[in-house]
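Listing of final_3.pdb; format and content: PDB, C-alpha atoms.
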ATOM      1  CA  MET A 117      -9.498  -4.178   9.323
ATOM      2  CA  TYR A 118      -6.482  -3.138  11.377
ATOM      3  CA  ASP A 119      -3.670  -5.585  12.018
ATOM      4  CA  LYS A 120      -0.193  -4.494  13.086
ATOM      5  CA  ILE A 121      -0.117  -1.066  14.741
ATOM      6  CA  LYS A 122       2.793   1.039  16.031
ATOM      7  CA  LEU A 123       2.125   3.318  19.000
ATOM      8  CA  TRP A 124       4.318   5.789  20.883
ATOM      9  CA  ILE A 125       3.460   7.372  24.240
ATOM     10  CA  ASP A 126       5.596  10.209  25.602
ATOM     11  CA  ARG A 127       6.666   9.921  29.219
ATOM     12  CA  ALA A 128       5.096  13.313  29.874
ATOM     13  CA  VAL A 129       1.722  11.935  28.813
ATOM     14  CA  ILE A 130       2.067   8.892  31.078
ATOM     15  CA  GLY A 131       3.082  10.948  34.112
ATOM     16  CA  ARG A 132       3.563   9.356  37.506
ATOM     17  CA  ASN A 133       2.376   5.911  36.337
ATOM     18  CA  PHE A 134       5.536   5.461  34.250
ATOM     19  CA  PRO A 135       7.391   3.320  36.876
ATOM     20  CA  ILE A 136       4.536   0.772  37.195
ATOM     21  CA  ILE A 137       4.613  -0.275  33.530
ATOM     22  CA  ALA A 138       7.743  -2.455  33.529
ATOM     23  CA  PRO A 139       6.370  -4.974  36.095
ATOM     24  CA  VAL A 140       3.424  -5.657  33.770
ATOM     25  CA  LEU A 141       5.648  -6.941  30.947
ATOM     26  CA  GLU A 142       6.063 -10.636  30.163
ATOM     27  CA  GLU A 143       9.685 -11.856  29.995
ATOM     28  CA  ALA A 144      10.987  -8.343  30.632
ATOM     29  CA  LYS A 145      14.697  -7.685  29.990
ATOM     30  CA  GLU A 146      16.952  -4.656  30.289
ATOM     31  CA  GLN A 147      19.416  -3.471  27.657
ATOM     32  CA  THR A 148      21.967  -0.702  28.101
ATOM     33  CA  ASP A 149      23.352   1.387  25.258
ATOM     34  CA  LEU A 150      27.094   1.483  25.972
ATOM     35  CA  ALA A 151      27.540   4.672  23.953
ATOM     36  CA  THR A 152      24.830   6.738  25.687
ATOM     37  CA  GLY A 153      24.300   4.839  28.915
ATOM     38  CA  GLU A 154      20.549   4.794  28.294
ATOM     39  CA  THR A 155      18.771   1.709  29.622
ATOM     40  CA  ARG A 156      15.826   0.227  27.742
ATOM     41  CA  THR A 157      13.377  -2.271  29.211
ATOM     42  CA  PHE A 158      11.639  -4.496  26.707
ATOM     43  CA  GLY A 159       9.194  -7.359  26.825
ATOM     44  CA  SER A 160       5.675  -8.163  25.661
ATOM     45  CA  VAL A 161       2.009  -8.063  26.605
ATOM     46  CA  GLY A 162      -0.380 -10.454  24.887
ATOM     47  CA  GLY A 163       1.981 -10.783  21.930
ATOM     48  CA  LEU A 164       2.545  -7.046  21.566
ATOM     49  CA  LYS A 165       6.182  -5.913  21.723
ATOM     50  CA  VAL A 166       6.691  -3.227  24.364
ATOM     51  CA  SER A 167       9.870  -1.135  24.783
ATOM     52  CA  ILE A 168      10.289   1.338  27.633
ATOM     53  CA  TYR A 169      12.745   4.175  26.937
ATOM     54  CA  THR A 170      13.711   7.180  29.027
ATOM     55  CA  GLY A 171      11.432   9.389  26.948
ATOM     56  CA  GLY A 172       8.431   7.110  26.555
ATOM     57  CA  ILE A 173       6.989   3.757  25.507
ATOM     58  CA  SER A 174       6.768   1.980  22.144
ATOM     59  CA  ILE A 175       4.035  -0.633  21.534
ATOM     60  CA  ILE A 176       4.126  -2.647  18.300
ATOM     61  CA  GLY A 177       2.070  -5.611  17.197
ATOM     62  CA  SER A 178      -1.148  -7.101  15.880
ATOM     63  CA  LEU A 179      -4.287  -5.863  17.608
ATOM     64  CA  PRO A 180      -6.380  -8.866  16.403
ATOM     65  CA  LYS A 181      -3.824 -11.307  17.827
ATOM     66  CA  PHE A 182      -3.768  -9.351  21.085
ATOM     67  CA  LEU A 183      -7.561  -9.347  21.424
ATOM     68  CA  TYR A 184      -8.608 -12.623  19.777
ATOM     69  CA  GLY A 185      -5.429 -14.702  19.486
ATOM     70  CA  ASN A 186      -5.253 -14.646  15.662
ATOM     71  CA  ASN A 187      -5.315 -12.162  12.798
ATOM     72  CA  VAL A 188      -7.423 -14.257  10.425
ATOM     73  CA  CYS A 189     -10.612 -13.152  12.199
ATOM     74  CA  LEU A 190     -12.711 -10.134  11.239
ATOM     75  CA  PHE A 191     -11.489  -7.007  13.039
ATOM     76  CA  ASP A 192     -13.456  -3.770  12.663
ATOM     77  CA  ARG A 193     -13.246  -0.381  14.343
ATOM     78  CA  HIS A 194     -15.353  -1.589  17.298
ATOM     79  CA  SER A 195     -12.876  -4.409  17.923
ATOM     80  CA  THR A 196     -10.100  -1.824  17.685
ATOM     81  CA  GLN A 197     -11.693   0.210  20.453
ATOM     82  CA  LYS A 198     -11.946  -2.914  22.635
ATOM     83  CA  ALA A 199      -8.258  -3.672  22.076
ATOM     84  CA  ILE A 200      -7.181  -0.127  23.009
ATOM     85  CA  GLU A 201      -9.370  -0.176  26.113
ATOM     86  CA  LYS A 202      -7.932  -3.558  27.140
ATOM     87  CA  LEU A 203      -4.404  -2.195  26.761
ATOM     88  CA  SER A 204      -5.308   0.819  28.895
ATOM     89  CA  ASP A 205      -6.617  -1.472  31.632
ATOM     90  CA  ILE A 206      -3.469  -3.622  31.588
ATOM     91  CA  PHE A 207      -1.045  -0.681  31.799
ATOM     92  CA  HIS A 208      -3.262   1.555  33.982
ATOM     93  CA  ILE A 209      -2.644   4.446  31.595
ATOM     94  CA  ASN A 210      -4.746   6.082  28.888
ATOM     95  CA  ILE A 211      -3.549   4.399  25.677
ATOM     96  CA  THR A 212      -6.097   6.424  23.675
ATOM     97  CA  ASP A 213      -3.627   9.354  23.844
ATOM     98  CA  ALA A 214      -0.801   7.358  22.222
ATOM     99  CA  ASP A 215       0.546   8.635  18.889
ATOM    100  CA  VAL A 216       0.124   6.257  15.937
ATOM    101  CA  THR A 217       3.352   5.888  13.929
ATOM    102  CA  GLY A 218       2.500   2.863  11.777
ATOM    103  CA  ILE A 219      -0.686   1.235  10.438
ATOM    104  CA  GLU A 220      -1.423  -2.055   8.688
ATOM    105  CA  PHE A 221      -4.962  -1.981   7.340
ATOM    106  CA  GLY A 222      -6.563  -4.831   5.444
ATOM    107  CA  THR A 223      -8.845  -7.826   5.436
ATOM    108  CA  ASN A 224      -9.162 -11.387   4.141
ATOM    109  CA  PHE A 225     -11.352 -12.301   1.191
ATOM    110  CA  PRO A 226     -12.637 -15.893   0.737
ATOM    111  CA  MET A 227     -12.236 -16.494  -3.008
ATOM    112  CA  LYS A 228     -13.653 -19.076  -5.414
ATOM    113  CA  HIS A 229     -10.252 -19.961  -6.884
ATOM    114  CA  LYS A 230      -6.642 -20.259  -5.706
ATOM    115  CA  VAL A 231      -5.092 -17.016  -4.478
ATOM    116  CA  THR A 232      -2.276 -17.287  -7.013
ATOM    117  CA  ASP A 233      -4.833 -17.139  -9.845
ATOM    118  CA  TYR A 234      -5.853 -13.639  -8.742
ATOM    119  CA  LEU A 235      -2.346 -12.321  -8.135
ATOM    120  CA  SER A 236      -1.303 -13.146 -11.693
ATOM    121  CA  LYS A 237      -4.042 -10.851 -12.989
ATOM    122  CA  LEU A 238      -2.933  -7.754 -11.071
ATOM    123  CA  GLY A 239      -0.699  -5.458 -13.100
ATOM    124  CA  GLU A 240       1.069  -2.157 -12.447
ATOM    125  CA  MET A 241       0.252   0.404  -9.767
ATOM    126  CA  PRO A 242       0.912   4.130 -10.307
ATOM    127  CA  ARG A 243       4.203   5.415  -8.814
ATOM    128  CA  LEU A 244       5.009   2.095  -7.155
ATOM    129  CA  SER A 245       6.987  -0.939  -8.315
ATOM    130  CA  ARG A 246       5.514  -4.432  -8.559
ATOM    131  CA  TYR A 247       7.320  -7.296  -6.796
ATOM    132  CA  HIS A 248       5.934 -10.800  -7.248
ATOM    133  CA  PHE A 249       7.384 -13.285  -4.792
ATOM    134  CA  GLU A 250       6.510 -16.844  -5.691
ATOM    135  CA  PRO A 251       4.265 -18.526  -5.226
ATOM    136  CA  SER A 252       1.636 -16.438  -3.497
ATOM    137  CA  THR A 253       2.842 -12.973  -2.471
ATOM    138  CA  LEU A 254       2.625  -9.702  -4.392
ATOM    139  CA  TYR A 255       3.929  -6.324  -3.169
ATOM    140  CA  TYR A 256       3.640  -2.792  -4.528
ATOM    141  CA  LYS A 257       6.166  -0.392  -3.011
ATOM    142  CA  GLY A 258       8.744   2.273  -3.786
ATOM    143  CA  ARG A 259      12.222   1.380  -4.979
ATOM    144  CA  GLY A 260      14.003   2.863  -1.950
ATOM    145  CA  LYS A 261      14.850   1.026   1.261
ATOM    146  CA  ASN A 262      12.260   2.971   3.248
ATOM    147  CA  THR A 263       8.879   3.498   1.638
ATOM    148  CA  PRO A 264       5.897   5.160   3.367
ATOM    149  CA  LYS A 265       3.329   3.020   1.519
ATOM    150  CA  VAL A 266       3.305  -0.699   0.774
ATOM    151  CA  PHE A 267       0.371  -2.640  -0.657
ATOM    152  CA  ALA A 268       0.505  -6.415  -0.198
ATOM    153  CA  PHE A 269      -1.582  -9.271  -1.603
ATOM    154  CA  TYR A 270      -0.953 -12.794  -0.350
ATOM    155  CA  ASP A 271      -2.410 -16.171   0.632
ATOM    156  CA  LYS A 272      -3.343 -15.608   4.281
ATOM    157  CA  LEU A 273      -4.031 -19.242   5.139
ATOM    158  CA  SER A 274      -0.729 -20.410   3.644
ATOM    159  CA  GLU A 275       1.084 -17.747   5.663
ATOM    160  CA  ALA A 276      -0.681 -18.759   8.876
ATOM    161  CA  GLU A 277       0.117 -22.451   8.338
ATOM    162  CA  ALA A 278       3.754 -21.754   7.420
ATOM    163  CA  LYS A 279       4.254 -19.719  10.613
ATOM    164  CA  GLY A 280       2.307 -22.140  12.816
ATOM    165  CA  MET A 281      -0.259 -19.447  13.638
ATOM    166  CA  ASP A 282      -3.671 -20.237  15.085
ATOM    167  CA  TYR A 283      -6.746 -19.516  12.969
ATOM    168  CA  PRO A 284     -10.475 -20.302  13.192
ATOM    169  CA  SER A 285     -11.258 -23.891  12.167
ATOM    170  CA  GLY A 286     -14.088 -22.631   9.972
ATOM    171  CA  VAL A 287     -11.689 -21.150   7.415
ATOM    172  CA  SER A 288      -9.606 -24.317   6.974
ATOM    173  CA  GLY A 289      -9.253 -25.208   3.307
ATOM    174  CA  GLU A 290     -10.536 -21.836   2.046
ATOM    175  CA  ASN A 291      -8.789 -19.646  -0.521
ATOM    176  CA  LEU A 292      -8.131 -16.606   1.682
ATOM    177  CA  LEU A 293      -6.722 -13.659  -0.247
ATOM    178  CA  ARG A 294      -5.300 -10.985   2.037
ATOM    179  CA  TYR A 295      -5.063  -7.418   0.736
ATOM    180  CA  GLU A 296      -3.167  -5.135   3.094
ATOM    181  CA  MET A 297      -2.190  -1.460   3.098
ATOM    182  CA  ARG A 298       0.889  -0.640   5.201
ATOM    183  CA  LEU A 299       1.554   2.984   6.098
ATOM    184  CA  THR A 300       4.563   4.442   7.914
ATOM    185  CA  GLY A 301       6.431   7.736   8.050
ATOM    186  CA  ARG A 302       4.569  11.029   8.249
ATOM    187  CA  LEU A 303       1.122   9.523   8.670
ATOM    188  CA  LYS A 304      -0.696  12.757   9.475
ATOM    189  CA  THR A 305       0.575  14.314   6.253
ATOM    190  CA  GLN A 306      -0.160  11.173   4.231
ATOM    191  CA  LEU A 307      -3.698  10.903   5.551
ATOM    192  CA  GLY A 308      -4.475  14.607   5.786
ATOM    193  CA  VAL A 309      -5.370  14.703   9.480
ATOM    194  CA  ALA A 310      -4.375  17.137  12.211
ATOM    195  CA  ASP A 311      -4.043  14.479  14.922
ATOM    196  CA  LEU A 312      -3.513  10.739  14.809
ATOM    197  CA  GLN A 313      -3.818   9.018  18.152
ATOM    198  CA  ALA A 314      -4.965   5.564  19.198
ATOM    199  CA  SER A 315      -8.505   6.867  19.701
ATOM    200  CA  THR A 316      -8.485   8.174  16.106
ATOM    201  CA  LEU A 317      -8.217   4.607  14.807
ATOM    202  CA  TYR A 318     -11.812   3.820  15.703
ATOM    203  CA  ASP A 319     -13.226   7.245  14.856
ATOM    204  CA  ARG A 320     -15.900   6.642  12.191
ATOM    205  CA  THR A 321     -14.814   9.462   9.861
ATOM    206  CA  PHE A 322     -11.150   8.466   9.987
ATOM    207  CA  TYR A 323     -11.986   4.790   9.504
ATOM    208  CA  ARG A 324     -14.032   5.643   6.407
ATOM    209  CA  LYS A 325     -11.090   7.670   5.083
ATOM    210  CA  LEU A 326      -8.817   4.621   5.419
ATOM    211  CA  VAL A 327     -11.365   2.342   3.750
ATOM    212  CA  LYS A 328     -11.657   4.778   0.824
ATOM    213  CA  LEU A 329      -7.867   4.994   0.433
ATOM    214  CA  TYR A 330      -7.659   1.205   0.654
ATOM    215  CA  GLN A 331     -10.285   0.762  -2.071
ATOM    216  CA  ASN A 332      -9.011   3.511  -4.388
ATOM    217  CA  SER A 333      -5.455   2.157  -4.150
ATOM    218  CA  TYR A 334      -6.674  -1.257  -5.301
ATOM    219  CA  TYR A 335      -8.707   0.207  -8.177
ATOM    220  CA  SER A 336      -5.654   2.157  -9.384
ATOM    221  CA  ILE A 337      -3.915  -1.145 -10.238
ATOM    222  CA  SER A 338      -4.135  -2.194 -13.875
ATOM    223  CA  LYS A 339      -5.855  -5.559 -14.317
ATOM    224  CA  ASN A 340      -5.770  -8.410 -16.782
ATOM    225  CA  VAL A 341      -8.687  -8.481 -19.172
ATOM    226  CA  GLN A 342     -10.284 -10.971 -21.589
ATOM    227  CA  ILE A 343     -10.730 -10.459 -25.313
ATOM    228  CA  LYS A 344     -14.396 -10.094 -26.227
ATOM    229  CA  ASP A 345     -16.011 -13.097 -27.886
ATOM    230  CA  ASN A 346     -17.205 -10.815 -30.671
ATOM    231  CA  ALA A 347     -13.935  -8.884 -30.983
ATOM    232  CA  MET A 348     -13.548  -9.861 -34.639
ATOM    233  CA  SER A 349     -16.793  -8.106 -35.523
ATOM    234  CA  GLU A 350     -15.380  -4.905 -33.980
ATOM    235  CA  ILE A 351     -12.333  -4.858 -36.291
ATOM    236  CA  LYS A 352     -12.766  -2.305 -39.086
ATOM    237  CA  THR A 353      -9.190  -1.203 -39.839
ATOM    238  CA  VAL A 354      -5.630  -2.526 -39.829
ATOM    239  CA  SER A 355      -5.047  -0.555 -36.629
ATOM    240  CA  ASP A 356      -8.027  -2.284 -35.011
ATOM    241  CA  ALA A 357      -6.576  -5.680 -35.964
ATOM    242  CA  ILE A 358      -3.140  -4.775 -34.545
ATOM    243  CA  ASN A 359      -4.678  -3.464 -31.317
ATOM    244  CA  THR A 360      -6.751  -6.624 -30.920
ATOM    245  CA  LEU A 361      -3.690  -8.810 -31.459
ATOM    246  CA  MET A 362      -1.609  -6.768 -29.011
ATOM    247  CA  ALA A 363      -4.377  -6.805 -26.393
ATOM    248  CA  ARG A 364      -4.632 -10.584 -26.766
ATOM    249  CA  LEU A 365      -0.871 -11.071 -26.404
ATOM    250  CA  LEU A 366      -0.627  -8.715 -23.427
ATOM    251  CA  SER A 367      -3.518 -10.464 -21.664
ATOM    252  CA  GLN A 368      -1.570 -13.727 -21.928
ATOM    253  CA  THR A 369       1.766 -12.252 -20.821
ATOM    254  CA  ASP A 370       3.119 -12.493 -17.287
ATOM    255  CA  LYS A 371       3.189  -8.942 -15.896
ATOM    256  CA  ALA A 372       6.698  -9.579 -14.580
ATOM    257  CA  GLN A 373       7.971  -9.820 -18.175
ATOM    258  CA  ILE A 374       6.624  -6.368 -18.983
ATOM    259  CA  VAL A 375       8.198  -4.911 -15.845
ATOM    260  CA  ALA A 376      11.490  -6.636 -16.674
ATOM    261  CA  PHE A 377      11.408  -5.168 -20.203
ATOM    262  CA  LEU A 378      10.873  -1.647 -18.865
ATOM    263  CA  ASP A 379      13.718  -2.172 -16.386
ATOM    264  CA  GLU A 380      15.984  -3.298 -19.244
ATOM    265  CA  LEU A 381      15.185  -0.118 -21.155
ATOM    266  CA  ARG A 382      16.053   1.988 -18.099
ATOM    267  CA  ALA A 383      19.291   0.070 -17.486
ATOM    268  CA  ALA A 384      20.317   0.579 -21.126
ATOM    269  CA  GLN A 385      19.351   4.289 -20.902
ATOM    270  CA  VAL A 386      17.410   3.961 -24.132
ATOM    271  CA  PHE A 387      15.516   7.228 -23.623
ATOM    272  CA  ASN A 388      17.128  10.535 -22.725
ATOM    273  CA  ASP A 389      14.021  11.710 -20.861
ATOM    274  CA  SER A 390      12.725   9.564 -17.972
ATOM    275  CA  LYS A 391       9.110  10.480 -18.711
ATOM    276  CA  TYR A 392       9.257   8.349 -21.877
ATOM    277  CA  TYR A 393       9.365   5.192 -19.758
ATOM    278  CA  THR A 394       6.155   6.267 -18.067
ATOM    279  CA  ARG A 395       4.588   7.078 -21.435
ATOM    280  CA  LEU A 396       5.530   3.642 -22.745
ATOM    281  CA  LYS A 397       4.077   1.901 -19.678
ATOM    282  CA  ASN A 398       0.854   3.903 -20.061
ATOM    283  CA  LYS A 399       0.668   3.072 -23.759
ATOM    284  CA  ILE A 400       1.076  -0.644 -23.058
ATOM    285  CA  ASN A 401      -1.690  -0.444 -20.469
ATOM    286  CA  GLU A 402      -3.908   1.516 -22.858
ATOM    287  CA  ILE A 403      -3.582  -1.169 -25.543
ATOM    288  CA  ALA A 404      -4.055  -4.007 -23.063
ATOM    289  CA  THR A 405      -7.304  -2.546 -21.761
ATOM    290  CA  LYS A 406      -8.745  -0.983 -24.920
ATOM    291  CA  SER A 407     -12.487  -1.114 -24.225
ATOM    292  CA  ASP A 408     -13.472  -1.818 -27.842
ATOM    293  CA  PHE A 409     -11.910  -5.278 -27.713
ATOM    294  CA  VAL A 410     -11.742  -6.436 -24.088
ATOM    295  CA  VAL A 411     -13.941  -7.157 -21.076
ATOM    296  CA  THR A 412     -13.038  -7.462 -17.407
ATOM    297  CA  ASP A 413     -11.720 -10.872 -16.405
ATOM    298  CA  GLU A 414     -14.131 -13.042 -14.380
ATOM    299  CA  LEU A 415     -11.755 -13.393 -11.417
ATOM    300  CA  ILE A 416     -11.057  -9.661 -11.377
ATOM    301  CA  ARG A 417     -14.803  -8.947 -11.362
ATOM    302  CA  GLU A 418     -15.094 -11.163  -8.284
ATOM    303  CA  LEU A 419     -12.251  -9.365  -6.503
ATOM    304  CA  ASP A 420     -13.523  -5.923  -7.594
ATOM    305  CA  ASN A 421     -16.887  -6.663  -5.979
ATOM    306  CA  ASP A 422     -15.260  -7.911  -2.769
ATOM    307  CA  ILE A 423     -13.180  -4.738  -2.469
ATOM    308  CA  LYS A 424     -16.269  -2.617  -3.095
ATOM    309  CA  ASN A 425     -18.359  -4.479  -0.510
ATOM    310  CA  CYS A 426     -15.704  -4.390   2.245
ATOM    311  CA  GLY A 427     -16.532  -0.747   2.841
ATOM    312  CA  ALA A 428     -20.298  -1.237   3.066
ATOM    313  CA  TYR A 429     -20.458  -1.355   6.874
ATOM    314  CA  VAL A 430     -18.087   0.968   8.695
TER     315      VAL A 430
END
Output the file's structure in the form of structure tokens.
Amino acid sequence: MYDKIKLWIDRAVIGRNFPIIAPVLEEAKEQTDLATGETRTFGSVGGLKVSIYTGGISIIGSLPKFLYGNNVCLFDRHSTQKAIEKLSDIFHINITDADVTGIEFGTNFPMKHKVTDYLSKLGEMPRLSRYHFEPSTLYYKGRGKNTPKVFAFYDKLSEAEAKGMDYPSGVSGENLLRYEMRLTGRLKTQLGVADLQASTLYDRTFYRKLVKLYQNSYYSISKNVQIKDNAMSEIKTVSDAINTLMARLLSQTDKAQIVAFLDELRAAQVFNDSKYYTRLKNKINEIATKSDFVVTDELIRELDNDIKNCGAYV
């Protein structure tokens, strides 16, 4: 389930093999920083971007593309180990000791309907903002320029075709929904681990931890629901009728409109206390998902089950 990975290896870890790395690179070039005089050698290996600095080496790129030539294929922790071992063989150094500074973790789900149909049913995520880029990309991330967590949902096949990427012929024409968790920054603190090296990526316990975080993050997102067929029989009071009407209207409303309304309130500084905006968002979600009147949408049930099952074999 890994895709793009960022690795850093200190020169001290590499030792005397440091000088033999540059000749391995494809299309290697040198670049000199005029301010510091430091020279950097950069190039690639199997599609991975490699930069050689005075203090060490940076390796960035998609492990599935490096190992199999595409990132539409299934890629588990065993494949990850193969990719790291292949890198070690190419560079003649122990890549397992490299520090991990960035992780993209996710997989592709073949769906019954168009990917865009599912994205429209995903609502707000706690502590992150929702960004819907038409027609088939949805991001959840912080409002700042640099955010340590990003959750992305998009049409994987459309992306591959738009970028001219190779993919297995067997998936042609499928509705491939990609759900991806992107982590950067202080990864050890985020993930609660003492060490995070390349070998950690295929450690069973760590891999399970990532799968659990991946699943729980998805389940924290509010979802569109359907009004029960027998909702009218559940109405006993005026409040019940109002809640049913509001739940029906909210289920039919584009989530972007709700986000835009909350942003308008913030821009107008309607409330003196910022926690009122959160209370309002929670209240809207409470009404939209009131269990007395709604049931889970059919498409969301399908996606829920896929997310649950992706962690069955780790």
Excluding Leu419 (chain A) and residues on its chain fewer than 4 positions from it, collect all residues at most 12 Å away from it, counting all atoms listed in the file, and give them as a PDB file with C-alpha atoms, in the coordinates of the input.
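Printed below is out_37.pdb as written:
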ATOM      1  CA  ASN A 224      -9.162 -11.387   4.141  1.00  0.00           C
ATOM      2  CA  PHE A 225     -11.352 -12.301   1.191  1.00  0.00           C
ATOM      3  CA  PRO A 226     -12.637 -15.893   0.737  1.00  0.00           C
ATOM      4  CA  MET A 227     -12.236 -16.494  -3.008  1.00  0.00           C
ATOM      5  CA  LYS A 228     -13.653 -19.076  -5.414  1.00  0.00           C
ATOM      6  CA  HIS A 229     -10.252 -19.961  -6.884  1.00  0.00           C
ATOM      7  CA  VAL A 231      -5.092 -17.016  -4.478  1.00  0.00           C
ATOM      8  CA  ASP A 233      -4.833 -17.139  -9.845  1.00  0.00           C
ATOM      9  CA  TYR A 234      -5.853 -13.639  -8.742  1.00  0.00           C
ATOM     10  CA  LEU A 235      -2.346 -12.321  -8.135  1.00  0.00           C
ATOM     11  CA  LYS A 237      -4.042 -10.851 -12.989  1.00  0.00           C
ATOM     12  CA  LEU A 238      -2.933  -7.754 -11.071  1.00  0.00           C
ATOM     13  CA  PHE A 269      -1.582  -9.271  -1.603  1.00  0.00           C
ATOM     14  CA  LEU A 292      -8.131 -16.606   1.682  1.00  0.00           C
ATOM     15  CA  LEU A 293      -6.722 -13.659  -0.247  1.00  0.00           C
ATOM     16  CA  ARG A 294      -5.300 -10.985   2.037  1.00  0.00           C
ATOM     17  CA  TYR A 295      -5.063  -7.418   0.736  1.00  0.00           C
ATOM     18  CA  GLN A 331     -10.285   0.762  -2.071  1.00  0.00           C
ATOM     19  CA  TYR A 334      -6.674  -1.257  -5.301  1.00  0.00           C
ATOM     20  CA  TYR A 335      -8.707   0.207  -8.177  1.00  0.00           C
ATOM     21  CA  LYS A 339      -5.855  -5.559 -14.317  1.00  0.00           C
ATOM     22  CA  THR A 412     -13.038  -7.462 -17.407  1.00  0.00           C
ATOM     23  CA  ASP A 413     -11.720 -10.872 -16.405  1.00  0.00           C
ATOM     24  CA  GLU A 414     -14.131 -13.042 -14.380  1.00  0.00           C
ATOM     25  CA  LEU A 415     -11.755 -13.393 -11.417  1.00  0.00           C
ATOM     26  CA  ILE A 423     -13.180  -4.738  -2.469  1.00  0.00           C
ATOM     27  CA  LYS A 424     -16.269  -2.617  -3.095  1.00  0.00           C
ATOM     28  CA  ASN A 425     -18.359  -4.479  -0.510  1.00  0.00           C
ATOM     29  CA  CYS A 426     -15.704  -4.390   2.245  1.00  0.00           C
TER      30      CYS A 426
END
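Between Gly153 (chain A) and the candidates A:Val287, A:Tyr184, A:Asn401, A:Tyr169, the tightest atom-to-atom separation, counting all atoms listed in the file, involves A:Tyr169.
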Query raised in the report: Do you have the CA of Lys328 (chain A)-CA of Gly427 (chain A) distance handy?
Result: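 These atoms are spaced 7.6 Å apart.
For the file at hand, the PyMOL selection byres ((chain A and resi 239) around 8) resolves to Ser236, Lys237, Leu238, Glu240, Met241, Arg246, Ile337, Ser338, Lys339, Asn340 and Lys371 of chain A.
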Report task. Given the file shown, determine the residues that the PyMOL selection byres ((chain A and resi 192) around 8) selects; report them as a PyMOL selection string. Result -> chain A and resi 117-118+190-191+193-196+430
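If only C-alpha atoms are the atoms counted, then among A:Lys120, A:Arg395, A:Arg417, A:His248 the closest residue to Thr232 (chain A) is A:His248.
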